>>> print(open('target-v3.pdb').read())   # PDB, C-alpha atoms and all ligand atoms
ATOM      1  CA  MET A 198     114.566  26.555  76.294  1.00  0.00           C
ATOM      2  CA  ALA A 199     110.794  26.220  75.839  1.00  0.00           C
ATOM      3  CA  ALA A 200     110.235  28.199  79.035  1.00  0.00           C
ATOM      4  CA  LEU A 201     112.544  30.917  77.781  1.00  0.00           C
ATOM      5  CA  ALA A 202     110.706  31.095  74.446  1.00  0.00           C
ATOM      6  CA  LEU A 203     107.375  31.340  76.265  1.00  0.00           C
ATOM      7  CA  ALA A 204     108.677  34.036  78.614  1.00  0.00           C
ATOM      8  CA  THR A 205     109.983  36.011  75.634  1.00  0.00           C
ATOM      9  CA  ALA A 206     106.660  35.734  73.807  1.00  0.00           C
ATOM     10  CA  LEU A 207     104.726  36.861  76.876  1.00  0.00           C
ATOM     11  CA  ALA A 208     107.115  39.753  77.549  1.00  0.00           C
ATOM     12  CA  GLY A 209     106.475  40.827  73.952  1.00  0.00           C
ATOM     13  CA  GLY A 210     102.803  41.011  74.836  1.00  0.00           C
ATOM     14  CA  CYS A 211     101.644  38.811  72.014  1.00  0.00           C
ATOM     15  CA  ALA A 212     102.259  35.158  71.388  1.00  0.00           C
ATOM     16  CA  HIS A 213     101.593  35.509  67.648  1.00  0.00           C
ATOM     17  CA  GLN A 214     104.112  38.211  66.985  1.00  0.00           C
ATOM     18  CA  PRO A 215     107.681  37.399  65.933  1.00  0.00           C
ATOM     19  CA  ALA A 216     110.543  39.562  67.218  1.00  0.00           C
ATOM     20  CA  PRO A 217     111.245  42.723  65.222  1.00  0.00           C
ATOM     21  CA  PRO A 218     113.828  42.498  62.434  1.00  0.00           C
ATOM     22  CA  ARG A 219     117.456  42.923  63.516  1.00  0.00           C
ATOM     23  CA  SER A 220     118.158  45.190  60.566  1.00  0.00           C
ATOM     24  CA  ASP A 221     116.713  48.686  60.170  1.00  0.00           C
ATOM     25  CA  ALA A 222     116.641  48.338  56.353  1.00  0.00           C
ATOM     26  CA  LEU A 223     112.842  48.278  56.150  1.00  0.00           C
ATOM     27  CA  TYR A 224     112.589  51.344  58.395  1.00  0.00           C
ATOM     28  CA  HIS A 225     114.844  53.210  55.962  1.00  0.00           C
ATOM     29  CA  ASP A 226     113.038  51.836  52.886  1.00  0.00           C
ATOM     30  CA  LEU A 227     109.784  53.225  54.314  1.00  0.00           C
ATOM     31  CA  GLY A 228     111.454  56.643  54.562  1.00  0.00           C
ATOM     32  CA  GLY A 229     112.432  56.641  58.249  1.00  0.00           C
ATOM     33  CA  ASP A 230     110.438  58.766  60.697  1.00  0.00           C
ATOM     34  CA  ALA A 231     109.204  61.218  58.083  1.00  0.00           C
ATOM     35  CA  GLY A 232     108.152  58.499  55.646  1.00  0.00           C
ATOM     36  CA  ILE A 233     106.376  56.429  58.297  1.00  0.00           C
ATOM     37  CA  THR A 234     104.597  59.499  59.681  1.00  0.00           C
ATOM     38  CA  ALA A 235     103.360  60.349  56.181  1.00  0.00           C
ATOM     39  CA  ILE A 236     102.208  56.754  55.589  1.00  0.00           C
ATOM     40  CA  VAL A 237     100.295  56.679  58.892  1.00  0.00           C
ATOM     41  CA  GLU A 238      98.672  60.068  58.304  1.00  0.00           C
ATOM     42  CA  GLY A 239      97.676  59.034  54.770  1.00  0.00           C
ATOM     43  CA  LEU A 240      96.256  55.780  56.136  1.00  0.00           C
ATOM     44  CA  LEU A 241      94.237  57.571  58.818  1.00  0.00           C
ATOM     45  CA  TYR A 242      92.644  59.855  56.201  1.00  0.00           C
ATOM     46  CA  LYS A 243      91.722  56.851  54.086  1.00  0.00           C
ATOM     47  CA  MET A 244      90.377  54.812  57.026  1.00  0.00           C
ATOM     48  CA  VAL A 245      88.012  57.500  58.262  1.00  0.00           C
ATOM     49  CA  ASP A 246      86.835  58.032  54.687  1.00  0.00           C
ATOM     50  CA  ASP A 247      86.442  54.356  53.772  1.00  0.00           C
ATOM     51  CA  PRO A 248      82.747  53.360  53.987  1.00  0.00           C
ATOM     52  CA  ARG A 249      83.750  49.732  54.650  1.00  0.00           C
ATOM     53  CA  ILE A 250      85.462  50.567  57.965  1.00  0.00           C
ATOM     54  CA  ALA A 251      84.866  54.245  58.864  1.00  0.00           C
ATOM     55  CA  HIS A 252      82.185  53.381  61.449  1.00  0.00           C
ATOM     56  CA  HIS A 253      84.813  51.694  63.634  1.00  0.00           C
ATOM     57  CA  PHE A 254      86.637  55.006  64.034  1.00  0.00           C
ATOM     58  CA  ALA A 255      83.648  57.254  64.793  1.00  0.00           C
ATOM     59  CA  ASP A 256      84.644  57.598  68.466  1.00  0.00           C
ATOM     60  CA  ALA A 257      88.349  56.907  68.093  1.00  0.00           C
ATOM     61  CA  ASP A 258      91.087  58.998  69.666  1.00  0.00           C
ATOM     62  CA  ILE A 259      92.795  59.727  66.350  1.00  0.00           C
ATOM     63  CA  ILE A 260      95.688  61.656  67.911  1.00  0.00           C
ATOM     64  CA  ASN A 261      96.570  58.645  70.065  1.00  0.00           C
ATOM     65  CA  LEU A 262      96.004  56.202  67.201  1.00  0.00           C
ATOM     66  CA  ARG A 263      98.341  58.241  64.959  1.00  0.00           C
ATOM     67  CA  GLN A 264     101.108  58.190  67.568  1.00  0.00           C
ATOM     68  CA  ARG A 265     100.706  54.480  68.360  1.00  0.00           C
ATOM     69  CA  LEU A 266     100.698  53.487  64.667  1.00  0.00           C
ATOM     70  CA  ILE A 267     103.836  55.547  63.990  1.00  0.00           C
ATOM     71  CA  GLU A 268     105.617  53.855  66.916  1.00  0.00           C
ATOM     72  CA  GLN A 269     104.372  50.429  65.934  1.00  0.00           C
ATOM     73  CA  ILE A 270     105.363  50.625  62.257  1.00  0.00           C
ATOM     74  CA  CYS A 271     108.728  52.133  63.219  1.00  0.00           C
ATOM     75  CA  PHE A 272     109.333  49.294  65.686  1.00  0.00           C
ATOM     76  CA  GLU A 273     108.084  46.558  63.344  1.00  0.00           C
ATOM     77  CA  SER A 274     110.348  47.818  60.568  1.00  0.00           C
ATOM     78  CA  GLY A 275     113.435  47.709  62.791  1.00  0.00           C
ATOM     79  CA  GLY A 276     113.540  51.436  63.561  1.00  0.00           C
ATOM     80  CA  PRO A 277     114.643  53.085  66.822  1.00  0.00           C
ATOM     81  CA  CYS A 278     111.205  53.189  68.449  1.00  0.00           C
ATOM     82  CA  VAL A 279     109.399  51.579  71.329  1.00  0.00           C
ATOM     83  CA  TYR A 280     105.718  50.746  70.867  1.00  0.00           C
ATOM     84  CA  GLU A 281     103.962  52.105  73.937  1.00  0.00           C
ATOM     85  CA  GLY A 282     100.409  51.140  73.089  1.00  0.00           C
ATOM     86  CA  LEU A 283      98.125  48.306  74.078  1.00  0.00           C
ATOM     87  CA  ASP A 284      98.699  44.918  72.527  1.00  0.00           C
ATOM     88  CA  MET A 285      96.610  44.083  69.466  1.00  0.00           C
ATOM     89  CA  GLN A 286      94.272  41.701  71.275  1.00  0.00           C
ATOM     90  CA  GLU A 287      93.494  44.200  74.035  1.00  0.00           C
ATOM     91  CA  SER A 288      92.952  47.144  71.715  1.00  0.00           C
ATOM     92  CA  HIS A 289      90.663  45.298  69.284  1.00  0.00           C
ATOM     93  CA  ALA A 290      88.728  43.007  71.631  1.00  0.00           C
ATOM     94  CA  GLY A 291      84.966  43.417  71.408  1.00  0.00           C
ATOM     95  CA  ARG A 292      85.174  45.612  68.299  1.00  0.00           C
ATOM     96  CA  ASN A 293      83.745  42.842  66.132  1.00  0.00           C
ATOM     97  CA  ILE A 294      86.177  43.430  63.283  1.00  0.00           C
ATOM     98  CA  SER A 295      85.646  41.064  60.338  1.00  0.00           C
ATOM     99  CA  GLU A 296      88.286  39.597  58.058  1.00  0.00           C
ATOM    100  CA  ALA A 297      86.869  41.688  55.183  1.00  0.00           C
ATOM    101  CA  GLU A 298      87.316  44.829  57.302  1.00  0.00           C
ATOM    102  CA  PHE A 299      90.865  43.815  58.149  1.00  0.00           C
ATOM    103  CA  ASN A 300      91.552  43.342  54.431  1.00  0.00           C
ATOM    104  CA  ALA A 301      89.973  46.741  53.675  1.00  0.00           C
ATOM    105  CA  LEU A 302      92.411  48.450  56.035  1.00  0.00           C
ATOM    106  CA  VAL A 303      95.321  46.582  54.443  1.00  0.00           C
ATOM    107  CA  GLU A 304      94.108  47.740  51.004  1.00  0.00           C
ATOM    108  CA  ASP A 305      94.031  51.335  52.245  1.00  0.00           C
ATOM    109  CA  LEU A 306      97.580  50.913  53.541  1.00  0.00           C
ATOM    110  CA  ILE A 307      98.746  49.538  50.177  1.00  0.00           C
ATOM    111  CA  ASP A 308      97.058  52.460  48.368  1.00  0.00           C
ATOM    112  CA  VAL A 309      98.899  54.966  50.568  1.00  0.00           C
ATOM    113  CA  MET A 310     102.225  53.233  50.023  1.00  0.00           C
ATOM    114  CA  GLU A 311     101.587  53.167  46.244  1.00  0.00           C
ATOM    115  CA  GLU A 312     100.739  56.875  46.269  1.00  0.00           C
ATOM    116  CA  ARG A 313     103.990  57.527  48.120  1.00  0.00           C
ATOM    117  CA  SER A 314     105.942  55.344  45.671  1.00  0.00           C
ATOM    118  CA  VAL A 315     107.174  52.999  48.385  1.00  0.00           C
ATOM    119  CA  ASP A 316     109.095  50.184  46.743  1.00  0.00           C
ATOM    120  CA  VAL A 317     106.869  47.101  46.270  1.00  0.00           C
ATOM    121  CA  GLY A 318     109.407  44.884  48.043  1.00  0.00           C
ATOM    122  CA  ALA A 319     109.309  47.172  51.091  1.00  0.00           C
ATOM    123  CA  GLN A 320     105.487  47.206  50.973  1.00  0.00           C
ATOM    124  CA  ASN A 321     105.468  43.424  51.083  1.00  0.00           C
ATOM    125  CA  ARG A 322     107.974  43.279  53.915  1.00  0.00           C
ATOM    126  CA  LEU A 323     105.821  45.598  56.012  1.00  0.00           C
ATOM    127  CA  LEU A 324     102.676  43.596  55.204  1.00  0.00           C
ATOM    128  CA  ARG A 325     104.462  40.414  56.260  1.00  0.00           C
ATOM    129  CA  ARG A 326     105.177  42.044  59.636  1.00  0.00           C
ATOM    130  CA  LEU A 327     101.519  43.037  60.095  1.00  0.00           C
ATOM    131  CA  ALA A 328      99.878  39.831  58.818  1.00  0.00           C
ATOM    132  CA  PRO A 329     100.563  37.777  62.003  1.00  0.00           C
ATOM    133  CA  MET A 330      98.535  40.363  63.984  1.00  0.00           C
ATOM    134  CA  GLN A 331      95.385  39.408  62.097  1.00  0.00           C
ATOM    135  CA  PRO A 332      94.193  36.655  64.515  1.00  0.00           C
ATOM    136  CA  ASP A 333      94.440  39.132  67.429  1.00  0.00           C
ATOM    137  CA  ILE A 334      92.494  41.845  65.582  1.00  0.00           C
ATOM    138  CA  VAL A 335      89.723  39.927  63.778  1.00  0.00           C
ATOM    139  CA  ARG A 336      86.793  38.663  65.886  1.00  0.00           C
ATOM    140  CA  GLN A 337      87.095  35.057  66.907  1.00  0.00           C
TER     141      GLN A 337
HETATM  142  C1  LIG A 401      97.353  45.289  60.767  1.00  0.00           C
HETATM  143  C2  LIG A 401      96.247  45.937  61.077  1.00  0.00           C
HETATM  144  C3  LIG A 401      96.095  46.819  62.284  1.00  0.00           C
HETATM  145  C4  LIG A 401      97.040  47.392  63.089  1.00  0.00           C
HETATM  146  C5  LIG A 401      98.564  47.289  62.965  1.00  0.00           C
HETATM  147  C6  LIG A 401      96.334  48.149  64.103  1.00  0.00           C
HETATM  148  C7  LIG A 401      96.953  48.887  65.095  1.00  0.00           C
HETATM  149  C8  LIG A 401      96.291  49.570  66.091  1.00  0.00           C
HETATM  150  C9  LIG A 401      96.931  50.306  67.159  1.00  0.00           C
HETATM  151  C10 LIG A 401      98.441  50.465  67.317  1.00  0.00           C
HETATM  152  C11 LIG A 401      95.969  50.810  67.953  1.00  0.00           C
HETATM  153  C12 LIG A 401      96.168  51.703  69.200  1.00  0.00           C
HETATM  154  C13 LIG A 401      96.251  50.863  70.462  1.00  0.00           C
HETATM  155  C14 LIG A 401      96.340  51.764  71.692  1.00  0.00           C
HETATM  156  O1  LIG A 401      95.444  52.602  71.880  1.00  0.00           O
HETATM  157  O2  LIG A 401      97.281  51.635  72.483  1.00  0.00           O
HETATM  158  C15 LIG A 401      94.700  50.416  67.376  1.00  0.00           C
HETATM  159  C16 LIG A 401      93.464  50.772  67.874  1.00  0.00           C
HETATM  160  C17 LIG A 401      92.287  50.613  67.187  1.00  0.00           C
HETATM  161  N1  LIG A 401      92.106  49.913  66.017  1.00  0.00           N
HETATM  162 FE1  LIG A 401      93.536  48.926  64.996  1.00  0.00          FE
HETATM  163  N2  LIG A 401      94.989  48.020  63.898  1.00  0.00           N
HETATM  164  C18 LIG A 401      94.800  47.231  62.795  1.00  0.00           C
HETATM  165  C19 LIG A 401      93.587  46.875  62.244  1.00  0.00           C
HETATM  166  C20 LIG A 401      92.381  47.434  62.583  1.00  0.00           C
HETATM  167  C21 LIG A 401      91.151  47.245  61.864  1.00  0.00           C
HETATM  168  C22 LIG A 401      90.997  46.363  60.616  1.00  0.00           C
HETATM  169  C23 LIG A 401      90.208  48.000  62.485  1.00  0.00           C
HETATM  170  C24 LIG A 401      88.757  48.192  62.144  1.00  0.00           C
HETATM  171  C25 LIG A 401      88.281  48.081  60.934  1.00  0.00           C
HETATM  172  C26 LIG A 401      90.841  48.639  63.624  1.00  0.00           C
HETATM  173  C27 LIG A 401      90.211  49.461  64.524  1.00  0.00           C
HETATM  174  C28 LIG A 401      90.798  50.027  65.644  1.00  0.00           C
HETATM  175  C29 LIG A 401      90.081  50.840  66.605  1.00  0.00           C
HETATM  176  C30 LIG A 401      88.602  51.229  66.547  1.00  0.00           C
HETATM  177  C31 LIG A 401      91.017  51.214  67.575  1.00  0.00           C
HETATM  178  C32 LIG A 401      90.780  52.081  68.835  1.00  0.00           C
HETATM  179  C33 LIG A 401      90.980  53.536  68.467  1.00  0.00           C
HETATM  180  C34 LIG A 401      90.656  54.443  69.663  1.00  0.00           C
HETATM  181  O3  LIG A 401      89.537  54.436  70.156  1.00  0.00           O
HETATM  182  O4  LIG A 401      91.548  55.164  70.115  1.00  0.00           O
HETATM  183  N3  LIG A 401      92.166  48.272  63.650  1.00  0.00           N
HETATM  184  N4  LIG A 401      94.930  49.669  66.258  1.00  0.00           N
END
>>> encode(input="target-v3.pdb", output="structure tokens")
Amino acid sequence: MAALALATALAGGCAHQPAPPRSDALYHDLGGDAGITAIVEGLLYKMVDDPRIAHHFADADIINLRQRLIEQICFESGGPCVYEGLDMQESHAGRNISEAEFNALVEDLIDVMEERSVDVGAQNRLLRRLAPMQPDIVRQ
């Protein structure tokens, strides 16, 4: 049983990350594909304009980042998507991201969801899905 759990965690690419929800309720509460696309695009605008974190994205491939974030949030919310990007440790290693910078990005995400009138319960459910990624993203 332990071996199976380990194999499942490794196949998922990240030992910290729980399996996606079985229900697609959160995906629908975020507005499905259209809603998630709008959230990600709003977040990208805020990130590149946020003096606390903008410098990290100076050389970023924003087109790729947009696509990966849409897939990831769709997947994490139980939607019909496969995340095809790098795992969170790989994609953030060596970027020297601080906890304060991580929190700044989360604040930007909350602002976008507020602006789009996403239900507060749905906001919190999404944040609970993203929170376990923090140790893989923030510098050790
Ligand atoms: C929950 C929080 C976060 C999530 C879900 C997330 C998600 C992602 C994803 C999906 C990618 C694309 C991986 C790929 O290319 O396959 C990525 C890349 C990246 N992330 Fe994050 N990230 C988070 C936090 C942060 C923070 C706080 C920063 C910096 C302040 C950051 C900076 C970057 C950078 C610079 C890239 C590479 C972009 C490029 O060059 O294409 N991320 N992230």
>>> closest_atom_pairs(input="target-v3.pdb", of="stretch 313-337 of chain A", to="stretch 278-295 of chain A", cutoff="8 Å", atoms="all atoms listed in the file", output="JSON lines")
{"residue": "A:Met330", "atom": "CA", "partner": "A:Met285", "partner_atom": "CA", "distance": 6.9}
{"residue": "A:Asp333", "atom": "CA", "partner": "A:Gln286", "partner_atom": "CA", "distance": 4.6}
{"residue": "A:Ile334", "atom": "CA", "partner": "A:His289", "partner_atom": "CA", "distance": 5.4}
{"residue": "A:Val335", "atom": "CA", "partner": "A:Ile294", "partner_atom": "CA", "distance": 5.0}
{"residue": "A:Arg336", "atom": "CA", "partner": "A:Asn293", "partner_atom": "CA", "distance": 5.2}
>>> residues_around(input="target-v3.pdb", residues="stretch 264-277 of chain A", least_positions_apart="5", cutoff="12 Å", atoms="all atoms listed in the file", output="PyMOL selection string")
chain A and resi 214-241+258-259+282-285+288+306+319-330
>>> residues_around(input="target-v3.pdb", residues="A:Leu302", least_positions_apart="5", cutoff="10 Å", atoms="only C-alpha atoms", output="PyMOL selection string")
chain A and resi 240-241+243-244+247+249-251+296-297+307-308
>>> write_last_selection(input="target-v3.pdb", atoms="C-alpha atoms", output="PDB file, keeping the file's coordinate frame")
ATOM      1  CA  LEU A 240      96.256  55.780  56.136  1.00  0.00           C
ATOM      2  CA  LEU A 241      94.237  57.571  58.818  1.00  0.00           C
ATOM      3  CA  LYS A 243      91.722  56.851  54.086  1.00  0.00           C
ATOM      4  CA  MET A 244      90.377  54.812  57.026  1.00  0.00           C
ATOM      5  CA  ASP A 247      86.442  54.356  53.772  1.00  0.00           C
ATOM      6  CA  ARG A 249      83.750  49.732  54.650  1.00  0.00           C
ATOM      7  CA  ILE A 250      85.462  50.567  57.965  1.00  0.00           C
ATOM      8  CA  ALA A 251      84.866  54.245  58.864  1.00  0.00           C
ATOM      9  CA  GLU A 296      88.286  39.597  58.058  1.00  0.00           C
ATOM     10  CA  ALA A 297      86.869  41.688  55.183  1.00  0.00           C
ATOM     11  CA  ILE A 307      98.746  49.538  50.177  1.00  0.00           C
ATOM     12  CA  ASP A 308      97.058  52.460  48.368  1.00  0.00           C
TER      13      ASP A 308
END
>>> axis_aligned_box(input="target-v3.pdb", around="stretch 265-271 of chain A", padding_each_side="4 Å", output="lines of an AutoDock Vina configuration file")
center_x = 104.7
center_y = 53.0
center_z = 65.3
size_x = 16.0
size_y = 13.1
size_z = 14.1
>>> atom_distance(input="target-v3.pdb", atom1="atom C17 of ligand LIG 401 (chain A)", atom2="atom CA of A:Asp316")
26.5 Å
>>> closest_residue(input="target-v3.pdb", among="A:Val315, A:Ala257, A:Ala301, A:Val309", to="ligand LIG 401 (chain A)", atoms="only C-alpha atoms and all ligand atoms")
A:Ala257
>>> closest_residue(input="target-v3.pdb", among="A:Ala255, A:Val245, A:Val317, A:Leu262", to="ligand LIG 401 (chain A)", atoms="all atoms listed in the file")
A:Leu262
>>> closest_residue(input="target-v3.pdb", among="A:Gln337, A:Gln331, A:Gly318, A:Glu311", to="ligand LIG 401 (chain A)", atoms="only C-alpha atoms and all ligand atoms")
A:Gln331
>>> closest_residue(input="target-v3.pdb", among="A:Phe299, A:Tyr242, A:Arg263, A:Met310", to="ligand LIG 401 (chain A)", atoms="only C-alpha atoms and all ligand atoms")
A:Phe299
>>> closest_residue(input="target-v3.pdb", among="A:Arg313, A:Asp246, A:Val303, A:Pro332", to="ligand LIG 401 (chain A)", atoms="only C-alpha atoms and all ligand atoms")
A:Val303
>>> closest_residue(input="target-v3.pdb", among="A:Glu312, A:His252, A:Ile260, A:Glu298", to="ligand LIG 401 (chain A)", atoms="only C-alpha atoms and all ligand atoms")
A:Glu298
>>> atom_distance(input="target-v3.pdb", atom1="atom CA of A:Asn300", atom2="atom C12 of ligand LIG 401 (chain A)")
17.6 Å
>>> atom_distance(input="target-v3.pdb", atom1="atom C19 of ligand LIG 401 (chain A)", atom2="atom CA of A:Ser314")
22.3 Å
>>> build_atoms(input="target-v3.pdb", residues="stretch 264-280 of chain A", atoms="N, CA and C atoms", output="tab-separated table (two decimals), in the frame of the given file")
chain	number	residue	atom	x	y	z
A	264	GLN	N	99.83	58.36	66.88
A	264	GLN	CA	101.11	58.19	67.57
A	264	GLN	C	101.46	56.71	67.73
A	265	ARG	N	100.46	55.91	68.14
A	265	ARG	CA	100.71	54.48	68.36
A	265	ARG	C	101.09	53.79	67.05
A	266	LEU	N	100.39	54.14	65.96
A	266	LEU	CA	100.70	53.49	64.67
A	266	LEU	C	102.09	53.87	64.17
A	267	ILE	N	102.48	55.13	64.39
A	267	ILE	CA	103.84	55.55	63.99
A	267	ILE	C	104.87	54.73	64.77
A	268	GLU	N	104.68	54.64	66.09
A	268	GLU	CA	105.62	53.86	66.92
A	268	GLU	C	105.66	52.40	66.48
A	269	GLN	N	104.46	51.86	66.22
A	269	GLN	CA	104.37	50.43	65.93
A	269	GLN	C	105.04	50.10	64.60
A	270	ILE	N	104.78	50.91	63.57
A	270	ILE	CA	105.36	50.62	62.26
A	270	ILE	C	106.87	50.87	62.30
A	271	CYS	N	107.29	51.88	63.04
A	271	CYS	CA	108.73	52.13	63.22
A	271	CYS	C	109.38	50.92	63.87
A	272	PHE	N	108.79	50.45	64.96
A	272	PHE	CA	109.33	49.29	65.69
A	272	PHE	C	109.35	48.04	64.81
A	273	GLU	N	108.21	47.78	64.15
A	273	GLU	CA	108.08	46.56	63.34
A	273	GLU	C	109.01	46.56	62.14
A	274	SER	N	109.46	47.75	61.72
A	274	SER	CA	110.35	47.82	60.57
A	274	SER	C	111.82	47.89	61.00
A	275	GLY	N	112.06	47.74	62.30
A	275	GLY	CA	113.44	47.71	62.79
A	275	GLY	C	113.98	49.08	63.16
A	276	GLY	N	113.10	50.08	63.23
A	276	GLY	CA	113.54	51.44	63.56
A	276	GLY	C	113.74	51.64	65.06
A	277	PRO	N	114.26	52.81	65.43
A	277	PRO	CA	114.64	53.08	66.82
A	277	PRO	C	113.47	53.55	67.67
A	278	CYS	N	112.40	52.76	67.73
A	278	CYS	CA	111.20	53.19	68.45
A	278	CYS	C	110.75	52.09	69.39
A	279	VAL	N	110.03	52.53	70.42
A	279	VAL	CA	109.40	51.58	71.33
A	279	VAL	C	107.90	51.76	71.15
A	280	TYR	N	107.18	50.67	70.96
A	280	TYR	CA	105.72	50.75	70.87
A	280	TYR	C	105.16	50.82	72.27
